[in-house]
>>> print(open('protein10.txt').read())   # compact mmCIF, C-alpha atoms
# COMPACT_ATOMS: atom_id res chain seq x y z
CA MET A 1 195.99 -90.71 258.38
CA CYS A 2 193.46 -88.85 256.24
CA ASN A 3 194.34 -91.15 253.33
CA GLN A 4 193.46 -94.28 255.29
CA THR A 5 190.34 -92.68 256.75
CA VAL A 6 188.79 -91.90 253.35
CA CYS A 7 189.54 -95.47 252.21
CA LEU A 8 187.78 -97.00 255.22
CA ILE A 9 184.73 -94.76 254.79
CA ALA A 10 184.64 -95.54 251.06
CA ALA A 11 184.61 -99.27 251.78
CA GLU A 12 181.57 -98.89 254.01
CA LEU A 13 179.76 -96.77 251.41
CA GLU A 14 180.43 -99.40 248.75
CA ARG A 15 179.05 -102.12 251.05
CA ARG A 16 175.85 -100.05 251.23
CA GLY A 17 175.57 -99.76 247.45
CA ILE A 18 177.17 -96.35 246.85
CA THR A 19 179.83 -96.08 244.14
CA THR A 20 182.91 -94.29 245.48
CA VAL A 21 186.12 -92.73 244.32
CA CYS A 22 188.86 -91.51 246.67
CA LEU A 23 191.48 -88.90 245.99
CA MET A 24 194.81 -90.15 247.35
CA LEU A 25 197.82 -88.06 248.39
CA LEU A 26 200.01 -91.04 249.33
CA ARG A 27 200.21 -93.74 246.68
CA GLU A 28 201.81 -96.26 249.03
CA VAL A 29 198.90 -95.91 251.47
CA ALA A 30 196.43 -96.53 248.66
CA GLU A 31 198.37 -99.66 247.71
CA LYS A 32 198.35 -100.94 251.30
CA VAL A 33 194.80 -100.03 252.35
CA ARG A 34 193.21 -100.72 248.94
CA PRO A 35 190.17 -98.47 248.46
CA PRO A 36 187.87 -99.67 245.67
CA ARG A 37 188.64 -96.75 243.30
CA ALA A 38 191.29 -94.11 243.79
CA LEU A 39 192.84 -91.25 241.88
CA PHE A 40 196.39 -90.51 243.02
CA VAL A 41 197.02 -86.77 242.82
CA PRO A 42 200.55 -85.26 242.78
CA PHE A 43 199.81 -82.56 245.33
CA PRO A 44 201.07 -82.00 248.88
CA HIS A 45 198.96 -82.65 251.96
CA GLY A 46 196.62 -79.76 252.57
CA TYR A 47 196.16 -79.27 248.81
CA PRO A 48 194.25 -82.33 247.53
CA LEU A 49 192.72 -80.46 244.57
CA GLY A 50 195.83 -78.53 243.65
CA LYS A 51 195.55 -74.86 244.49
CA PRO A 52 193.13 -72.65 246.41
CA ASN A 53 190.99 -70.31 244.34
CA ASP A 54 191.88 -72.20 241.17
CA PRO A 55 188.54 -73.56 239.93
CA GLY A 56 190.04 -74.84 236.69
CA THR A 57 192.52 -77.20 238.32
CA GLN A 58 190.01 -78.23 240.97
CA ARG A 59 187.46 -79.02 238.29
CA ARG A 60 189.99 -81.08 236.32
CA VAL A 61 190.69 -83.20 239.42
CA VAL A 62 187.01 -83.71 240.21
CA GLU A 63 186.24 -84.62 236.59
CA ALA A 64 189.11 -87.11 236.49
CA ALA A 65 188.01 -88.70 239.76
CA LEU A 66 184.36 -89.03 238.82
CA ALA A 67 185.32 -90.48 235.44
CA LEU A 68 186.69 -93.51 237.29
CA THR A 69 183.18 -94.38 238.45
CA GLU A 70 182.21 -95.09 234.86
CA MET A 71 185.19 -97.32 234.10
CA ASP A 72 184.46 -100.98 233.57
CA SER A 73 187.09 -102.37 235.91
CA MET A 74 187.76 -104.53 238.93
CA ALA A 75 188.86 -103.59 242.44
CA PRO A 76 191.20 -102.11 243.39
CA LEU A 77 191.38 -99.42 240.73
CA LEU A 78 194.25 -96.96 241.29
CA VAL A 79 194.91 -94.37 238.60
CA ASP A 80 197.42 -91.49 238.49
CA LEU A 81 196.13 -88.01 237.63
CA MET B 1 204.89 -83.72 246.61
CA GLY B 2 202.49 -86.59 247.02
CA ASP B 3 204.78 -88.70 249.18
CA ALA B 4 205.88 -89.00 252.79
CA SER B 5 209.03 -86.92 252.18
CA GLU B 6 207.03 -83.76 252.78
CA PHE B 7 206.66 -84.69 256.46
CA SER B 8 209.08 -84.16 259.33
CA PHE B 9 211.41 -87.00 260.32
CA PRO B 10 209.34 -87.97 263.42
CA VAL B 11 206.12 -88.06 261.39
CA ARG B 12 207.77 -90.19 258.71
CA GLY B 13 208.82 -92.59 261.45
CA VAL B 14 205.27 -92.88 262.72
CA LEU B 15 203.96 -93.49 259.19
CA LYS B 16 206.59 -96.16 258.56
CA ALA B 17 205.80 -98.04 261.77
CA TYR B 18 202.05 -97.66 261.55
CA ARG B 19 199.95 -100.77 260.97
CA TRP B 20 197.87 -99.69 257.99
CA ARG B 21 194.48 -101.37 257.76
CA ARG B 22 193.88 -103.49 254.68
CA ILE B 23 190.45 -103.63 253.09
CA ASP B 24 189.83 -107.29 252.33
CA PRO B 25 187.69 -108.23 250.58
CA ILE B 26 187.35 -105.00 248.63
CA PRO B 27 183.68 -104.12 248.18
CA TRP B 28 182.75 -102.98 244.68
CA THR B 29 179.54 -101.26 243.65
CA PRO B 30 179.43 -100.57 239.90
CA LEU B 31 177.68 -97.41 238.84
CA ARG B 32 174.28 -98.55 237.66
CA LYS B 33 173.37 -95.44 235.69
CA PRO B 34 175.21 -92.85 233.62
CA LEU B 35 177.14 -90.30 235.67
CA ALA B 36 174.97 -87.67 233.96
CA GLU B 37 172.00 -89.13 235.86
CA ALA B 38 173.75 -89.82 239.18
CA THR B 39 173.35 -87.98 242.49
CA VAL B 40 176.78 -87.06 243.84
CA ALA B 41 177.91 -86.35 247.41
CA VAL B 42 181.19 -85.00 248.74
CA VAL B 43 182.82 -86.67 251.76
CA SER B 44 185.85 -84.80 253.04
CA THR B 45 188.18 -85.56 255.94
CA ALA B 46 189.48 -81.98 256.19
CA GLY B 47 187.81 -81.37 259.56
CA LEU B 48 185.60 -78.59 258.19
CA VAL B 49 182.53 -77.53 260.19
CA LEU B 50 179.74 -75.00 259.81
CA PRO B 51 179.83 -71.98 262.14
CA ASP B 52 177.02 -73.43 264.28
CA GLN B 53 178.57 -76.91 264.55
CA ALA B 54 180.92 -78.17 267.25
CA PRO B 55 184.57 -78.35 266.20
CA PHE B 56 186.17 -81.78 266.00
CA ASP B 57 187.60 -82.81 269.38
CA GLU B 58 191.37 -82.89 269.13
CA SER B 59 191.74 -84.28 272.65
CA ILE B 60 190.53 -87.76 271.67
CA LEU B 61 193.71 -89.85 271.58
CA GLY B 62 192.78 -92.22 268.76
CA GLY B 63 191.05 -89.47 266.78
CA ASP B 64 187.55 -88.00 266.71
CA SER B 65 185.59 -90.34 264.43
CA SER B 66 182.39 -88.28 264.45
CA PHE B 67 181.13 -86.50 261.35
CA ARG B 68 179.20 -83.36 260.50
CA VAL B 69 176.40 -83.10 257.93
CA ILE B 70 176.98 -80.25 255.48
CA GLY B 71 173.83 -79.17 253.65
CA GLY B 72 173.87 -78.99 249.89
CA GLN B 73 172.97 -75.29 249.94
CA THR B 74 175.91 -74.36 252.16
CA ASP B 75 178.04 -71.37 251.22
CA ILE B 76 181.35 -73.20 251.10
CA ALA B 77 183.25 -70.09 252.19
CA THR B 78 181.60 -70.31 255.60
CA LEU B 79 183.22 -73.65 256.49
CA ILE B 80 185.75 -73.52 259.33
CA ASP B 81 188.90 -75.66 259.50
CA THR B 82 189.09 -77.60 262.79
CA HIS B 83 191.48 -80.37 261.66
CA ARG B 84 193.92 -81.13 264.48
CA SER B 85 196.96 -82.15 262.41
CA ARG B 86 200.02 -79.89 262.40
CA SER B 87 201.60 -82.03 259.68
CA PHE B 88 200.17 -80.10 256.73
CA ASP B 89 199.78 -76.49 255.67
CA HIS B 90 196.28 -75.28 256.54
CA ALA B 91 196.55 -72.00 254.61
CA GLY B 92 195.06 -73.39 251.40
CA ILE B 93 191.83 -74.81 252.81
CA ARG B 94 191.37 -71.72 254.99
CA SER B 95 191.65 -69.54 251.90
CA ASP B 96 189.36 -71.75 249.81
CA PRO B 97 187.54 -74.72 251.41
CA ASN B 98 186.77 -76.03 247.90
CA LEU B 99 190.37 -77.21 247.93
CA ALA B 100 189.29 -80.11 250.16
CA PHE B 101 185.48 -79.85 249.98
CA PRO B 102 184.81 -79.21 246.29
CA LEU B 103 181.08 -78.61 246.54
CA ASP B 104 181.19 -75.64 244.17
CA ARG B 105 182.90 -77.77 241.53
CA VAL B 106 180.24 -80.49 241.88
CA ARG B 107 177.53 -77.83 241.60
CA GLU B 108 179.11 -76.62 238.36
CA MET B 109 179.03 -80.13 236.97
CA ALA B 110 175.35 -80.47 237.86
CA ALA B 111 174.58 -77.14 236.19
CA GLU B 112 176.34 -78.40 233.05
CA GLN B 113 174.52 -81.75 233.29
CA ARG B 114 177.80 -83.65 233.63
CA ILE B 115 176.26 -85.25 236.72
CA GLY B 116 172.59 -85.76 237.49
CA SER B 117 172.28 -83.81 240.72
CA VAL B 118 174.02 -82.68 243.89
CA SER B 119 173.06 -84.56 247.04
CA LYS B 120 171.00 -82.61 249.52
CA ASN B 121 173.63 -83.41 252.16
CA HIS B 122 177.39 -84.01 252.27
CA LEU B 123 179.69 -85.23 255.05
CA SER B 124 182.69 -83.83 256.87
CA PHE B 125 185.08 -85.95 258.95
CA MET B 126 188.38 -85.10 260.62
CA GLY B 127 190.76 -87.63 259.13
CA SER B 128 193.43 -87.85 261.82
CA ILE B 129 192.14 -91.16 263.20
CA PRO B 130 195.08 -93.47 264.01
CA ALA B 131 192.78 -95.85 265.91
CA PRO B 132 189.93 -96.35 263.40
CA GLY B 133 187.97 -99.08 265.19
CA ARG B 134 185.12 -96.83 266.24
CA LEU B 135 185.07 -95.24 262.78
CA MET B 136 184.65 -98.63 261.11
CA ARG B 137 182.17 -100.06 263.63
CA HIS B 138 179.99 -97.02 264.23
CA SER B 139 180.58 -93.73 262.39
CA ALA B 140 181.11 -95.02 258.87
CA PRO B 141 177.99 -97.25 258.89
CA VAL B 142 175.86 -94.37 260.23
CA ALA B 143 177.35 -92.02 257.64
CA ALA B 144 176.71 -94.54 254.87
CA GLN B 145 173.08 -94.92 255.89
CA HIS B 146 172.69 -91.13 255.86
CA LEU B 147 173.91 -90.97 252.26
CA VAL B 148 171.71 -93.93 251.28
CA ASP B 149 168.75 -92.01 252.72
CA CYS B 150 169.78 -89.01 250.59
CA GLY B 151 169.61 -91.17 247.48
CA VAL B 152 173.31 -90.81 246.74
CA ASP B 153 174.70 -92.83 243.83
CA VAL B 154 178.31 -91.61 243.86
CA ALA B 155 180.52 -90.30 246.66
CA LEU B 156 183.73 -88.36 246.04
CA LEU B 157 186.04 -88.78 249.05
CA VAL B 158 188.75 -86.20 249.68
CA PRO B 159 191.57 -86.46 252.22
CA VAL B 160 193.64 -83.47 253.23
>>> encode(input="protein10.txt", output="structure tokens")
Amino acid sequence: MCNQTVCLIAAELERRGITTVCLMLLREVAEKVRPPRALFVPFPHGYPLGKPNDPGTQRRVVEAALALTEMDSMAPLLVDL
Amino acid sequence: MGDASEFSFPVRGVLKAYRWRRIDPIPWTPLRKPLAEATVAVVSTAGLVLPDQAPFDESILGGDSSFRVIGGQTDIATLIDTHRSRSFDHAGIRSDPNLAFPLDRVREMAAEQRIGSVSKNHLSFMGSIPAPGRLMRHSAPVAAQHLVDCGVDVALLVPV
């Protein structure tokens, strides 16, 4: 359910003028719910940024996600890490 | 990894039968300034709370749609996991809350001028909300206004 919840919050933020990007752990949920921008990450639930105490991997995920905010695209934007 | 096969058979059944909401039309706010000048906030649904905040209420049938404000100066190690789901391994976020609330990573990017600044506040939800009506009608709009008031340009949303 967390995947849907972030999508619904993101939609409201976008309506208020905030650019959003969602990490997604279930690609099929992203395809059904359709958040504006999403980065699908190949990690299990509970581990959305990869590993605990692994700043390098976490940073790579955050950088990849935030990079989507600068892409000239149209909704929905769904990219694989 | 990254698909429903990691869940138990009963949970997979619930996910298959669930009526997923569909965002339509999809709102789209282009970033109006370089990321290097943008104020960034983290919004996580990992159910993390500060020690002096109430835990999320796991007795609410359709899910607790409330949220907690997490200050930008928070020591991320102090966050407490109160997510009600038993469907995922909690060990990672209990060992390192940055795993689902990457505030330290965003701070690093601000220090390196990859982003403009870190928002003075960030938001924590508990994402197990199978009945999201109240979330969509009440909590999300209030949360959005809070981030607007903080001058946020970009929000990074993290499920767990």
>>> interface_residues(input="protein10.txt", of="chain A", to="chain B", cutoff="8 Å", atoms="all atoms listed in the file", output="mmCIF file with C-alpha atoms, in the frame of the given file")
data_model
loop_
_atom_site.group_PDB
_atom_site.id
_atom_site.type_symbol
_atom_site.label_atom_id
_atom_site.label_comp_id
_atom_site.auth_asym_id
_atom_site.auth_seq_id
_atom_site.Cartn_x
_atom_site.Cartn_y
_atom_site.Cartn_z
ATOM 1 C CA MET A 1 195.990 -90.710 258.380
ATOM 2 C CA CYS A 2 193.460 -88.850 256.240
ATOM 3 C CA ASN A 3 194.340 -91.150 253.330
ATOM 4 C CA GLN A 4 193.460 -94.280 255.290
ATOM 5 C CA THR A 5 190.340 -92.680 256.750
ATOM 6 C CA VAL A 6 188.790 -91.900 253.350
ATOM 7 C CA LEU A 8 187.780 -97.000 255.220
ATOM 8 C CA ILE A 9 184.730 -94.760 254.790
ATOM 9 C CA ALA A 10 184.640 -95.540 251.060
ATOM 10 C CA ALA A 11 184.610 -99.270 251.780
ATOM 11 C CA GLU A 12 181.570 -98.890 254.010
ATOM 12 C CA LEU A 13 179.760 -96.770 251.410
ATOM 13 C CA GLU A 14 180.430 -99.400 248.750
ATOM 14 C CA ARG A 15 179.050 -102.120 251.050
ATOM 15 C CA ARG A 16 175.850 -100.050 251.230
ATOM 16 C CA GLY A 17 175.570 -99.760 247.450
ATOM 17 C CA ILE A 18 177.170 -96.350 246.850
ATOM 18 C CA THR A 19 179.830 -96.080 244.140
ATOM 19 C CA THR A 20 182.910 -94.290 245.480
ATOM 20 C CA VAL A 21 186.120 -92.730 244.320
ATOM 21 C CA CYS A 22 188.860 -91.510 246.670
ATOM 22 C CA LEU A 23 191.480 -88.900 245.990
ATOM 23 C CA MET A 24 194.810 -90.150 247.350
ATOM 24 C CA LEU A 25 197.820 -88.060 248.390
ATOM 25 C CA LEU A 26 200.010 -91.040 249.330
ATOM 26 C CA ARG A 27 200.210 -93.740 246.680
ATOM 27 C CA VAL A 29 198.900 -95.910 251.470
ATOM 28 C CA LYS A 32 198.350 -100.940 251.300
ATOM 29 C CA VAL A 33 194.800 -100.030 252.350
ATOM 30 C CA ARG A 34 193.210 -100.720 248.940
ATOM 31 C CA PRO A 35 190.170 -98.470 248.460
ATOM 32 C CA PRO A 36 187.870 -99.670 245.670
ATOM 33 C CA VAL A 41 197.020 -86.770 242.820
ATOM 34 C CA PRO A 42 200.550 -85.260 242.780
ATOM 35 C CA PHE A 43 199.810 -82.560 245.330
ATOM 36 C CA PRO A 44 201.070 -82.000 248.880
ATOM 37 C CA HIS A 45 198.960 -82.650 251.960
ATOM 38 C CA GLY A 46 196.620 -79.760 252.570
ATOM 39 C CA TYR A 47 196.160 -79.270 248.810
ATOM 40 C CA PRO A 48 194.250 -82.330 247.530
ATOM 41 C CA LEU A 49 192.720 -80.460 244.570
ATOM 42 C CA GLY A 50 195.830 -78.530 243.650
ATOM 43 C CA LYS A 51 195.550 -74.860 244.490
ATOM 44 C CA PRO A 52 193.130 -72.650 246.410
ATOM 45 C CA ASN A 53 190.990 -70.310 244.340
ATOM 46 C CA PRO A 55 188.540 -73.560 239.930
ATOM 47 C CA GLN A 58 190.010 -78.230 240.970
ATOM 48 C CA ARG A 59 187.460 -79.020 238.290
ATOM 49 C CA VAL A 62 187.010 -83.710 240.210
ATOM 50 C CA ALA A 65 188.010 -88.700 239.760
ATOM 51 C CA LEU A 66 184.360 -89.030 238.820
ATOM 52 C CA THR A 69 183.180 -94.380 238.450
ATOM 53 C CA GLU A 70 182.210 -95.090 234.860
ATOM 54 C CA MET A 74 187.760 -104.530 238.930
ATOM 55 C CA ALA A 75 188.860 -103.590 242.440
ATOM 56 C CA PRO A 76 191.200 -102.110 243.390
#
>>> atom_distance(input="protein10.txt", atom1="atom CA of B:Asp52", atom2="atom CA of B:Thr39")
26.5 Å
>>> axis_aligned_box(input="protein10.txt", around="stretch 89-105 of chain B", padding_each_side="5 Å", output="JSON")
{"center_x": 190.4, "center_y": -74.8, "center_z": 249.0, "size_x": 28.7, "size_y": 20.6, "size_z": 25.0}
>>> atom_distance(input="protein10.txt", atom1="atom CA of B:Gln53", atom2="atom CA of B:Ser117")
25.6 Å
>>> residues_around(input="protein10.txt", residues="B:Thr74", least_positions_apart="6", cutoff="10 Å", atoms="all atoms listed in the file", output="MDAnalysis selection string")
chainID B and resid 50 103:104 120:122
>>> atom_distance(input="protein10.txt", atom1="atom CA of B:Ile80", atom2="atom CA of B:Val49")
5.2 Å
